[in-house]
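Asker: Input: one structure, supplied below.
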Amino acid sequence: MDFESIYYIFCNTTGYTTWSTIVLSITTVVFVYLLYKVLGKLKIKIDKTLALAVSPFVLLGSSIRVLKDAGYLIDCVFQTPGIYFLIFGVTFLTILISLFFQKKKQIPYYKITFIIGLILVAPILGILNYRNFLGLGYVILFFIPWIVILWFVPWLKENKIVTGLQMFDATNTFVALNYFGYWEEHVLPRFIINLSGTPFSFIILKIIVVILILLGIDKYSKDKEFNNYIKLIIGILGAATGLRDFISLIVLG
């Protein structure tokens, strides 16, 4: 691993390779584990308030990524995977500031974090030009059935939310590939789609994998806090990529 190899993994614009996928996957696993330990040290409870607090930052990262796609930003830090580290840094710093004010002013940290996130993302959403309403219609059309299904499925609420976020990602991918000429940049989905000959296979793959992972977490892990954390990460990953694809679709066409 020399500088050129590392630069290619973080800054290439031609899609992921098997090698870069492996490196980034290992990096993500290590980073996620270390972050869990840090949150524990800060005594931050992993629950719906934390999910609410960081939600605007997920949208912030997706919006900045679209600005990169649109050519407004050029540095590779604004694309995957650099954008994840950038947004994490901003989010984590905001949480630390919020914890400070929580201690001094007794204002719940998640409220401060959430408001700051909204203030940061609002101007970006405001300058984007939304034009592809046909794409918006397709996404709504194909995503509504998942909402209905998940509403009636007798399952844990957090599992429904996580699954819904992941299926939102899958729906946007399907619409973008099937109707608007986009291409899949990730190795495994690209392989499955090419093998099956239809982007719909990505939806099938996604729902199977997500359900199996969530069932495995509930069955084999007894640590409620860690379970919540892993589900939060899965939800964030689905929301981040799904929102990026969604915004790109209705902005870039």
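Labeling convention for the structure tokens: chains A, B, ... as they appear, residues from 1 per chain, ligands from 1 in order of appearance.
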Excluding region 22-36 of chain A and residues on its chain fewer than 3 positions from it, collect all residues at most 8 Å away from it, counting only C-alpha atoms, and give them as a list in words.

Answerer: Thr18, Trp19, Leu39, Gly40, Pro81, Phe226 and Tyr229 of chain A

Asker: With only C-alpha atoms as the counted atoms, please give the residues lying no more than 9 Å from Val90 (chain A), apart from itself and same-chain residues fewer than 5 positions off, as a list in words.

Answerer: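 Contacts, with the query itself left out: Phe57, Phe85 and Ile95 of chain A.
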
Asker: Report as a PyMOL selection string: the residues of region 32-251 of chain A with a DSSP assignment of alpha helix (DSSP H), based on the backbone of this structure.

Answerer: chain A and resi 32-41+48-69+82-105+109-127+133-152+157-179+187-196+200-220+224-251

Asker: Could you please determine the separation between CA of Gly181 (chain A) and CA of Gly135 (chain A) in Å, to one decimal place?

Answerer: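 A separation of 11.7 Å between them.
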
Asker: Skipping near chain neighbours, those fewer than 5 positions away, what residues fall within 10 Å of Phe88 (chain A) using only C-alpha atoms, listed as a PyMOL selection string?

Answerer: chain A and resi 54+57-58+61+82-83+93-94

Asker: Limited to N, CA and C atoms, could you put the picked residues into a file as a PDB file, in the first residue's frame?

Answerer:
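Writing the result to result-v5.pdb gives the following:
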ATOM      1  N   VAL A  54     -28.471  12.899  14.985  1.00  0.00           N
ATOM      2  CA  VAL A  54     -27.530  12.815  13.865  1.00  0.00           C
ATOM      3  C   VAL A  54     -28.232  12.808  12.511  1.00  0.00           C
ATOM      4  N   PHE A  57     -27.353  15.394   9.880  1.00  0.00           N
ATOM      5  CA  PHE A  57     -25.987  15.266   9.371  1.00  0.00           C
ATOM      6  C   PHE A  57     -25.893  14.190   8.287  1.00  0.00           C
ATOM      7  N   VAL A  58     -26.759  13.182   8.381  1.00  0.00           N
ATOM      8  CA  VAL A  58     -26.835  12.190   7.308  1.00  0.00           C
ATOM      9  C   VAL A  58     -27.301  12.873   6.028  1.00  0.00           C
ATOM     10  N   GLY A  61     -24.458  15.075   4.631  1.00  0.00           N
ATOM     11  CA  GLY A  61     -23.467  14.339   3.864  1.00  0.00           C
ATOM     12  C   GLY A  61     -23.962  13.982   2.478  1.00  0.00           C
ATOM     13  N   GLY A  82     -14.404   9.541   1.502  1.00  0.00           N
ATOM     14  CA  GLY A  82     -13.953  10.706   2.242  1.00  0.00           C
ATOM     15  C   GLY A  82     -15.076  11.486   2.898  1.00  0.00           C
ATOM     16  N   ILE A  83     -16.220  11.548   2.241  1.00  0.00           N
ATOM     17  CA  ILE A  83     -17.348  12.299   2.773  1.00  0.00           C
ATOM     18  C   ILE A  83     -17.815  11.739   4.105  1.00  0.00           C
ATOM     19  N   LEU A  93     -17.802  16.616  16.418  1.00  0.00           N
ATOM     20  CA  LEU A  93     -17.475  17.910  17.020  1.00  0.00           C
ATOM     21  C   LEU A  93     -18.737  18.589  17.529  1.00  0.00           C
ATOM     22  N   THR A  94     -19.810  18.510  16.766  1.00  0.00           N
ATOM     23  CA  THR A  94     -21.080  19.105  17.179  1.00  0.00           C
ATOM     24  C   THR A  94     -21.614  18.440  18.441  1.00  0.00           C
TER      25      THR A  94
END

Asker: Of the residues A:Ser63, A:Thr80, A:Ser248, A:Thr113, which is the one nearest to His186 (chain A), using only C-alpha atoms?

Answerer: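 With only C-alpha atoms as the atom set, the closest residue is A:Thr80.
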
Asker: Name all residues at most 12 Å from Tyr72 (chain A) (count only C-alpha atoms; drop same-chain ones fewer than 3 positions away) and give them as a list in words.

Answerer: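 Once the nearby chain positions are removed, what remains is Ser63, Ile64, Arg65, Val66, Leu67, Lys68, Asp69, Asp75, Phe78, Ile124, Ile127 and Leu128 of chain A.
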
Asker: Compile a residue-level contact table for region 91-154 of chain A against region 175-178 of chain A at a cut-off of 12 Å, reporting for every qualifying residue the shortest atom pair and its distance in Å to one decimal, with only C-alpha atoms counted, rows ordered by chain and ascending number, as a Markdown table.

Answerer:
| residue | atom | partner | partner_atom | distance |
| --- | --- | --- | --- | --- |
| A:Asn132 | CA | A:Ala176 | CA | 11.3 |
| A:Leu134 | CA | A:Val175 | CA | 10.4 |
| A:Gly135 | CA | A:Val175 | CA | 7.3 |
| A:Leu136 | CA | A:Val175 | CA | 9.4 |
| A:Gly137 | CA | A:Val175 | CA | 10.0 |
| A:Tyr138 | CA | A:Val175 | CA | 6.6 |
| A:Val139 | CA | A:Val175 | CA | 6.5 |
| A:Ile140 | CA | A:Val175 | CA | 10.2 |
| A:Leu141 | CA | A:Val175 | CA | 10.1 |
| A:Phe142 | CA | A:Val175 | CA | 8.3 |
| A:Phe143 | CA | A:Val175 | CA | 10.2 |

Asker: Set the distance at 8 Å and use only C-alpha atoms: which residues neighbour Pro56 (chain A) once local chain neighbours fewer than 5 positions away are removed? I'd like the list as a list in words.

Answerer: Phe114, Gly117, Leu118 and Val121 of chain A

Asker: At what distance in Å, to one decimal, does CA of Leu42 (chain A) lie from CA of Asp223 (chain A)?

Answerer: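 According to the coordinates, CA of Asp223 (chain A) and CA of Leu42 (chain A) are separated by 18.2 Å.
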
Asker: Using Å and a single decimal, report how far CA of Leu96 (chain A) sits from CA of Lys231 (chain A).

Answerer: 22.5 Å

Asker: Looking at only C-alpha atoms, which of A:Ile247, A:Ala53, A:Met167, A:Val38 is the one that sits closest to Leu125 (chain A)?

Answerer: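 Result for the nearest residue to Leu125 (chain A): A:Ile247.
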
Asker: So, with only C-alpha atoms as the atoms that count, which of A:Lys48, A:Arg131, A:Lys224, A:Arg244 lies closest to Gln79 (chain A)?

Answerer: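 Of all the options, A:Arg244 lies closest to Gln79 (chain A).
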
Asker: From the options A:Ile97, A:Ile107, A:Tyr84, A:Ser221, which residue's atoms come nearest to Leu59 (chain A), counting only C-alpha atoms?

Answerer: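 Looking only at the distances to Leu59 (chain A), the closest residue turns out to be A:Tyr84.
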
Asker: Could you tell me which of A:Leu237, A:Ile203, A:Val210, A:Leu188 comes closest to Thr163 (chain A) if we count only C-alpha atoms?

Answerer: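 Counting only C-alpha atoms, the residue closest to Thr163 (chain A) is A:Val210.
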
Asker: Just checking: using only C-alpha atoms, which residue out of A:Tyr16, A:Cys11, A:Ser62, A:Leu243 ends up closest to Phe191 (chain A)?

Answerer: A:Tyr16

Asker: Fewer than 2 positions away in the same chain doesn't count, so skip those; otherwise give me all residues within 7 Å of Leu165 (chain A), counting only C-alpha atoms, as a VMD selection string.

Answerer: chain A and resid 161 to 163 167 to 169 235 238 to 239

Asker: Write out as a list in words each polymer residue whose atoms come within 7 Å of Tyr109 (chain A), counting only C-alpha atoms; drop sequence neighbours fewer than 5 positions from it.

Answerer: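 Final neighbour list, sorted by chain and number: Ile95, Ser98, Leu99 and Gln102 of chain A.
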
Asker: For the selection just defined, write its residues with C-alpha atoms to a file, as a short mmCIF file (atom, residue, chain, number, x, y, z; two decimals), in the first residue's frame.

Answerer:
data_model
loop_
_atom_site.label_atom_id
_atom_site.label_comp_id
_atom_site.auth_asym_id
_atom_site.auth_seq_id
_atom_site.Cartn_x
_atom_site.Cartn_y
_atom_site.Cartn_z
CA ILE A 95 -21.96 16.39 19.70
CA SER A 98 -23.64 19.97 22.58
CA LEU A 99 -22.50 17.86 25.54
CA GLN A 102 -25.81 20.23 28.20
#
